[in-house]
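Undergrad: Next comes the structure file coords_16.txt, holding compact mmCIF, C-alpha atoms.
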```
# COMPACT_ATOMS: atom_id res chain seq x y z
CA MET A 12 22.86 69.78 43.34
CA HIS A 13 19.64 69.78 45.34
CA HIS A 14 19.12 68.38 48.80
CA PHE A 15 15.84 66.58 49.48
CA SER A 16 14.36 65.65 52.82
CA ILE A 17 12.85 62.23 53.42
CA ARG A 18 9.41 63.89 53.20
CA ASP A 19 10.28 65.24 49.75
CA ILE A 20 11.32 61.73 48.70
CA GLU A 21 8.09 60.32 50.14
CA ASN A 22 6.00 62.81 48.13
CA LEU A 23 7.93 62.27 44.92
CA SER A 24 8.20 58.48 45.04
CA GLY A 25 4.95 57.51 46.74
CA ILE A 26 6.93 55.40 49.24
CA LYS A 27 6.25 56.17 52.91
CA ALA A 28 9.15 57.51 54.96
CA HIS A 29 9.06 54.61 57.42
CA THR A 30 9.22 52.17 54.48
CA LEU A 31 12.23 53.97 53.06
CA ARG A 32 13.96 53.70 56.44
CA MET A 33 13.13 49.99 56.62
CA TRP A 34 14.51 49.38 53.11
CA GLU A 35 17.69 51.18 54.08
CA GLN A 36 18.17 49.15 57.25
CA ARG A 37 17.13 45.76 55.88
CA TYR A 38 18.38 45.84 52.28
CA GLY A 39 20.83 48.73 52.05
CA LEU A 40 18.55 50.44 49.53
CA CYS A 41 17.66 54.14 49.35
CA VAL A 42 20.53 55.00 51.66
CA CYS A 43 20.47 58.62 52.77
CA LYS A 44 23.33 61.00 53.34
CA ARG A 45 23.70 62.94 56.58
CA LYS A 46 24.62 66.50 57.39
CA GLU A 47 26.97 67.35 60.26
CA SER A 48 23.85 67.73 62.37
CA MET A 49 23.05 64.08 61.44
CA HIS A 50 19.86 65.12 59.66
CA ARG A 51 19.04 62.96 56.64
CA TYR A 52 19.15 64.28 53.12
CA TYR A 53 19.17 62.92 49.57
CA ASP A 54 20.75 64.44 46.46
CA ASN A 55 19.69 64.39 42.80
CA ASP A 56 21.24 61.00 42.06
CA ASP A 57 19.64 59.49 45.17
CA LEU A 58 16.23 60.77 44.09
CA LYS A 59 16.56 59.39 40.56
CA HIS A 60 17.63 55.98 41.91
CA ILE A 61 14.74 55.88 44.39
CA LEU A 62 12.23 56.85 41.68
CA ARG A 63 13.39 53.86 39.63
CA ILE A 64 13.14 51.55 42.61
CA ALA A 65 9.69 52.91 43.46
CA TYR A 66 8.54 52.37 39.87
CA LEU A 67 9.59 48.73 39.94
CA TYR A 68 8.04 48.23 43.37
CA HIS A 69 4.73 49.77 42.26
CA ASN A 70 4.74 47.42 39.28
CA GLY A 71 4.98 44.19 41.25
CA TYR A 72 8.68 43.67 41.93
CA LYS A 73 9.38 42.50 45.47
CA ILE A 74 11.79 44.76 47.28
CA SER A 75 13.97 41.74 48.18
CA LYS A 76 14.36 41.04 44.45
CA ILE A 77 15.13 44.70 43.64
CA ALA A 78 17.83 44.68 46.34
CA GLN A 79 19.66 41.94 44.41
CA LEU A 80 19.79 43.98 41.18
CA SER A 81 22.69 46.15 40.09
CA THR A 82 22.20 49.84 39.40
CA ASP A 83 22.38 49.21 35.65
CA GLU A 84 19.77 46.45 35.89
CA ILE A 85 17.44 48.76 37.82
CA ILE A 86 17.88 51.48 35.19
CA MET A 87 17.16 49.01 32.38
CA LEU A 88 14.04 47.56 34.02
CA ALA A 89 12.72 50.98 35.06
CA SER A 90 12.85 52.15 31.44
CA LYS A 91 10.18 49.61 30.48
CA LYS A 92 6.43 50.14 30.58
CA TYR A 93 4.21 47.91 32.68
CA SER A 94 0.51 47.24 32.57
CA GLY A 95 -0.03 48.71 36.03
CA ASP A 96 0.61 52.26 34.85
CA GLU A 97 2.16 52.66 31.42
CA TYR A 98 2.53 56.42 31.93
CA GLU A 99 4.46 56.43 35.19
CA VAL A 100 7.83 55.88 33.54
CA LEU A 101 7.19 58.97 31.39
CA VAL A 102 6.22 60.99 34.46
CA ASN A 103 9.43 59.94 36.17
CA GLN A 104 11.49 60.86 33.10
CA LEU A 105 10.05 64.37 33.21
CA VAL A 106 10.72 64.62 36.96
CA VAL A 107 14.35 63.64 36.46
CA ALA A 108 14.79 66.05 33.53
CA SER A 109 13.27 68.94 35.51
CA ILE A 110 15.41 68.25 38.57
CA ASP A 111 18.54 68.36 36.41
CA TYR A 112 17.27 71.36 34.39
CA ASP A 113 17.87 69.18 31.34
CA GLN A 114 15.92 71.08 28.69
CA GLN A 115 16.97 68.79 25.85
CA GLN A 116 15.75 65.64 27.66
CA PHE A 117 12.55 67.32 28.88
CA GLU A 118 11.67 68.48 25.37
CA LYS A 119 12.55 65.07 23.91
CA VAL A 120 10.13 63.29 26.28
CA PHE A 121 7.42 65.92 25.89
CA SER A 122 7.64 66.05 22.09
CA GLY A 123 7.46 62.25 22.03
CA LEU A 124 4.28 62.41 24.07
CA LEU A 125 2.73 64.92 21.71
CA ARG A 126 3.55 62.81 18.64
CA THR A 127 2.10 59.60 20.04
CA MET A 128 -0.73 60.85 22.26
CA GLY A 129 -1.65 64.38 21.21
CA LEU A 130 -1.87 67.40 23.52
CA GLU A 131 -5.02 66.57 25.48
CA LYS A 132 -4.07 63.00 26.38
CA SER A 133 -0.49 64.07 27.14
CA ILE A 134 -1.76 66.67 29.61
CA GLU A 135 -4.26 64.29 31.21
CA LYS A 136 -2.12 61.15 31.47
CA VAL A 137 1.40 62.50 31.96
CA ILE A 138 1.73 66.26 32.49
CA TYR A 139 -0.96 66.56 35.16
CA PRO A 140 0.42 63.57 37.18
CA PHE A 141 3.91 65.02 36.68
CA PHE A 142 2.86 68.31 38.27
CA GLU A 143 1.03 66.45 41.03
CA LYS A 144 4.12 64.40 41.80
CA ILE A 145 6.39 67.41 42.37
CA GLY A 146 3.73 69.53 43.98
CA LEU A 147 3.41 72.21 41.31
CA LEU A 148 0.75 74.48 39.86
CA TRP A 149 -2.68 73.43 38.75
CA MET A 150 -2.54 72.07 42.26
CA THR A 151 -1.24 73.55 45.47
CA GLY A 152 2.17 73.23 47.10
CA HIS A 153 5.67 74.04 45.91
CA VAL A 154 8.27 71.40 46.67
CA LEU A 155 10.64 72.64 43.98
CA PRO A 156 9.79 76.21 42.88
CA ALA A 157 12.78 76.53 40.54
CA GLN A 158 11.79 73.38 38.68
CA GLU A 159 8.23 74.70 38.44
CA HIS A 160 9.35 77.73 36.47
CA PHE A 161 11.71 75.69 34.31
CA CYS A 162 9.21 73.04 33.19
CA SER A 163 6.15 75.31 33.16
CA TYR A 164 7.84 77.61 30.67
CA LEU A 165 8.58 74.74 28.30
CA ILE A 166 5.04 73.34 28.52
CA GLN A 167 3.46 76.79 28.25
CA ASN A 168 5.26 77.46 24.97
CA THR A 169 3.93 74.21 23.53
CA ILE A 170 0.33 74.97 24.52
CA ILE A 171 0.57 78.49 23.07
CA ALA A 172 1.86 77.03 19.81
CA ALA A 173 -1.06 74.56 19.78
CA ILE A 174 -3.53 77.42 20.35
CA ASN A 175 -2.03 79.45 17.52
CA ALA A 176 -2.17 76.43 15.20
CA LEU A 177 -5.94 76.10 15.58
CA PRO A 178 -8.08 77.62 12.81
CA THR A 179 -9.10 81.26 13.19
CA ILE A 180 -12.77 81.62 14.14
CA ASN A 181 -14.44 84.01 11.70
CA THR A 182 -18.10 83.12 12.25
CA GLU A 183 -20.35 84.67 14.89
CA THR A 184 -20.01 82.62 18.05
CA ASN A 185 -19.50 82.93 21.79
CA ARG A 186 -16.57 85.03 22.96
CA PHE A 187 -14.64 83.84 26.00
CA LEU A 188 -12.56 86.36 27.95
CA LEU A 189 -9.85 84.50 29.88
CA PHE A 190 -7.75 85.78 32.79
CA THR A 191 -6.36 84.97 36.21
CA PRO A 192 -7.50 87.15 39.12
CA GLU A 193 -5.37 89.93 40.53
CA GLY A 194 -2.46 88.41 42.44
CA GLU A 195 -2.62 85.04 40.66
CA LYS A 196 0.58 84.55 38.66
CA HIS A 197 0.01 81.06 37.23
CA GLU A 198 -1.65 80.89 33.83
CA LEU A 199 -0.67 77.45 32.51
CA PRO A 200 -4.02 75.81 33.42
CA LEU A 201 -5.87 78.73 31.84
CA LEU A 202 -3.91 78.33 28.60
CA PHE A 203 -4.99 74.71 28.37
CA ILE A 204 -8.62 75.71 28.95
CA GLN A 205 -8.22 78.32 26.20
CA TYR A 206 -6.96 75.60 23.87
CA LEU A 207 -9.99 73.40 24.64
CA ILE A 208 -12.47 76.24 24.13
CA LYS A 209 -10.91 77.44 20.87
CA LYS A 210 -10.70 73.88 19.54
CA LYS A 211 -14.43 73.60 20.16
CA GLY A 212 -14.92 76.51 17.76
CA HIS A 213 -15.39 79.49 20.08
CA LYS A 214 -13.52 82.78 20.00
CA THR A 215 -11.12 83.39 22.89
CA ILE A 216 -9.52 86.57 24.19
CA MET A 217 -6.65 86.07 26.65
CA LEU A 218 -6.02 88.94 29.07
CA GLY A 219 -3.33 86.92 30.85
CA LYS A 220 -2.41 86.76 34.50
CA ASN A 221 -2.86 89.11 37.46
CA VAL A 222 -5.89 90.94 36.02
CA SER A 223 -7.93 93.39 38.12
CA LEU A 224 -11.71 93.69 38.07
CA GLU A 225 -11.31 97.21 36.70
CA THR A 226 -9.41 95.87 33.68
CA ILE A 227 -12.12 93.29 33.01
CA LYS A 228 -14.84 95.93 33.30
CA TYR A 229 -12.98 98.25 30.93
CA TYR A 230 -12.66 95.51 28.32
CA CYS A 231 -16.32 94.51 28.56
CA GLU A 232 -17.40 98.15 28.18
CA HIS A 233 -15.56 98.40 24.85
CA GLN A 234 -15.58 94.87 23.41
CA PRO A 235 -18.13 92.01 23.34
CA ALA A 236 -17.72 88.99 25.61
CA SER A 237 -20.34 86.35 26.36
CA HIS A 238 -18.29 84.39 28.92
CA LEU A 239 -15.66 85.15 31.54
CA CYS A 240 -13.28 82.28 32.28
CA PHE A 241 -10.58 82.25 34.94
CA HIS A 242 -8.41 79.93 37.02
CA LEU A 243 -7.36 80.39 40.66
CA ILE A 244 -4.87 78.10 42.36
CA THR A 245 -4.84 79.72 45.78
CA ASN A 246 -6.58 82.71 47.31
CA PHE A 247 -4.52 85.66 46.08
CA THR A 248 -7.50 87.98 45.60
CA ASN A 249 -7.54 89.52 49.11
CA CYS A 250 -10.99 88.04 49.65
CA GLU A 251 -12.52 84.60 50.00
CA PRO A 252 -13.07 82.67 46.74
CA ALA A 253 -16.84 82.65 47.31
CA GLU A 254 -16.83 86.43 47.79
CA TYR A 255 -14.79 86.91 44.62
CA LEU A 256 -17.35 84.86 42.69
CA ARG A 257 -20.16 86.94 44.17
CA LYS A 258 -18.47 90.17 43.06
CA LEU A 259 -17.98 88.86 39.54
CA SER A 260 -21.55 87.62 39.36
CA LEU A 261 -22.94 91.02 40.36
CA ALA A 262 -20.59 93.03 38.16
CA PHE A 263 -21.21 90.85 35.09
CA ALA A 264 -24.74 89.59 35.58
CA ASP A 265 -25.29 89.32 31.82
CA LYS A 266 -22.37 86.93 31.30
CA LYS A 267 -21.72 83.28 32.06
CA ILE A 268 -18.74 82.96 34.39
CA ILE A 269 -16.59 79.82 34.35
CA ALA A 270 -14.23 79.29 37.28
CA SER A 271 -11.67 76.55 37.85
CA GLY A 272 -8.98 75.70 40.36
CA PRO A 273 -8.58 74.11 43.79
CA ALA A 274 -9.56 77.36 45.54
CA PHE A 275 -13.18 76.58 44.66
CA ASN A 276 -13.32 73.00 45.89
CA GLY A 277 -16.39 72.36 48.01
CA LEU A 278 -18.19 75.62 47.25
CA GLU A 279 -21.98 75.34 47.09
CA ASN A 280 -25.01 77.60 46.53
CA LEU A 281 -23.29 79.53 43.76
CA PRO A 282 -24.92 82.40 41.84
CA GLY A 283 -26.89 81.27 38.81
CA ASN A 284 -24.43 82.56 36.22
CA ILE A 285 -21.42 80.76 37.78
CA VAL A 286 -20.18 77.40 36.48
CA LEU A 287 -17.29 75.51 38.13
CA ILE A 288 -14.81 73.23 36.35
CA HIS A 289 -14.38 70.49 38.93
CA SER A 290 -11.43 68.56 37.52
CA LEU A 291 -9.10 68.14 34.57
CA GLN A 292 -11.38 65.45 33.17
CA HIS A 293 -14.36 67.80 33.50
CA ALA A 294 -12.44 70.42 31.52
CA ILE A 295 -11.47 67.99 28.76
CA SER A 296 -15.07 66.75 28.47
CA LEU A 297 -16.17 70.38 27.80
CA GLU A 298 -19.32 69.75 29.87
CA PHE A 299 -18.85 73.20 31.40
CA LEU A 300 -19.81 74.67 28.01
CA ALA A 301 -23.25 73.05 28.07
```
Show me the file's structure as structure tokens.
TA:
Amino acid sequence: MHHFSIRDIENLSGIKAHTLRMWEQRYGLCVCKRKESMHRYYDNDDLKHILRIAYLYHNGYKISKIAQLSTDEIIMLASKKYSGDEYEVLVNQLVVASIDYDQQQFEKVFSGLLRTMGLEKSIEKVIYPFFEKIGLLWMTGHVLPAQEHFCSYLIQNTIIAAINALPTINTETNRFLLFTPEGEKHELPLLFIQYLIKKKGHKTIMLGKNVSLETIKYYCEHQPASHLCFHLITNFTNCEPAEYLRKLSLAFADKKIIASGPAFNGLENLPGNIVLIHSLQHAISLEFLA
């Protein structure tokens, strides 16, 4: 059983802490528990209940009306989709499954997404907001590191299967060498980019995570590659992101280098052979391949 602070609940539900306190005092909703030190905390069941309340509230229900509902009525109403955001209920279902380490429920929701929406739309409309909501990779912050590993593993396996299911590229085309820089351990965003590039009809070679410049140089000395593509969530490279790009640009001046990740937000005056992926939507559009 996890313990969540009111700030965790604020981040996960989108309801401000002072509003949660007001709801507790005025309506007896979202009631916290207290440690011996009198510090507030919430457990798994509290979080799931508050997520349902927040979903109804964000979809037009007045909090005074929600306060009159039973727990079963809240569960029933929160399972419905509303025009305000038809995907939020799916995001919340994944959050709840990950908090409980419920692999069967997580896979049930995720496989349902894939059947009805396909991989790209599922990532854009549900998986990305899901990771944003619990502060996970592809973005910065780690509210629940254990849940990150649990759900990332399940999603990663699905993306790898989707990559392997794409047709083999036998014609002469561009070759994209994909990696994460030395020290960067998260490769889920890079796998999705690999899927997009391969689906477009280009050859991809995945070196994986935590790859040194020496390894990249060795590969390029022995095998062809027209593009280098990597993702960096935070600065694990022992140098500034702009400096890392400069080193890559000089070492591989004959190649187009595609970089993505929040570490590069706001960078300007980049070397001529560097292209940045600015957002998930930019990646899906494949404009970075132009």
Undergrad: Residues near segment 128-145 of chain A, anyone? I mean within 9 Å using all atoms listed in the file, not counting same-chain ones fewer than 5 positions away, as a VMD selection string.
TA: chain A and resid 19 22 to 25 98 to 99 101 to 103 105 to 106 121 123 150 to 155 158 to 159 166 169 to 170 173 203 207 291 to 292 295
Undergrad: Mind checking which residues fall within 12 Å of Ser81 of chain A, counting all atoms listed in the file, ignoring those fewer than 5 positions away in the same chain, and posting them as a VMD selection string?
TA: chain A and resid 40 60 64 76 86 to 88
Undergrad: Leaving out Thr182 of chain A and any residue of its chain fewer than 4 positions from it, which residues lie within 12 Å of it when counting only C-alpha atoms, given as an MDAnalysis selection string?
TA: chainID A and resid 178 186 212:214
Undergrad: Between A:Ser109, A:Gln104, A:Ser163, A:Asn70, which residue has the minimum interatomic distance to His197 of chain A, considering only C-alpha atoms?
TA: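 Selected residue with least distance to His197 of chain A: A:Ser163.
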Undergrad: Please compute the atom CA of Cys231 of chain A-atom CA of Phe263 of chain A distance, one decimal, in Å.
TA: 8.9 Å
Undergrad: May I ask for the distance between atom CA of Asp111 of chain A and atom CA of His14 of chain A, given in Å to one decimal place?
TA: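 Atom-to-atom, atom CA of Asp111 of chain A to atom CA of His14 of chain A, that is 12.4 Å.
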Undergrad: Rank A:Ser16, A:Arg37, A:Asn284, A:Thr82 by their smallest atom-to-atom distance to Arg51 of chain A, using only C-alpha atoms, and report the top residue only.
TA: A:Ser16
Undergrad: Which value, in Å to one decimal, gives the distance between atom CA of Leu287 of chain A and atom CA of Tyr229 of chain A?
TA: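 Atom-to-atom, atom CA of Leu287 of chain A and atom CA of Tyr229 of chain A are spaced 24.2 Å apart.
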Undergrad: When you count only C-alpha atoms, which of these residues is closest to Arg63 of chain A: A:Val42, A:Ile204, A:Val107, A:Ile85?
TA: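 Ranked by minimum distance to Arg63 of chain A, first place goes to A:Ile85.
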Undergrad: Ranking A:Arg45, A:Gly194, A:Ile17, A:Ser296 by minimum distance to Arg32 of chain A and counting all atoms listed in the file, which one comes first?
TA: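 Ranked by minimum distance to Arg32 of chain A, first place goes to A:Ile17.
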Undergrad: Which residue out of A:Ile174, A:Ile26, A:Lys196, A:Ile110 has the minimum interatomic distance to Leu67 of chain A when all atoms listed in the file are used?
TA: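 Closest to Leu67 of chain A, using all atoms listed in the file: A:Ile26.
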Undergrad: Compare A:Gln205, A:Glu251, A:Tyr38, A:Gln234 by their minimum atom-to-atom distance to Lys73 of chain A, counting all atoms listed in the file, and give me the closest one.
TA: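 For Lys73 of chain A, the nearest of the candidates is A:Tyr38.
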Undergrad: Report as a list of chain:residue names all protein, DNA and RNA residues lying within 12 Å of Asn175 of chain A, evaluated on all atoms listed in the file, omitting residues in the same chain fewer than 4 positions from it.
TA: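 Once the nearby chain positions are removed, what remains is A:Asn168, A:Thr169, A:Ile170, A:Ile171, A:Thr179, A:Ile180, A:Leu202, A:Gln205, A:Tyr206, A:Lys209, A:Lys210, A:Thr215.
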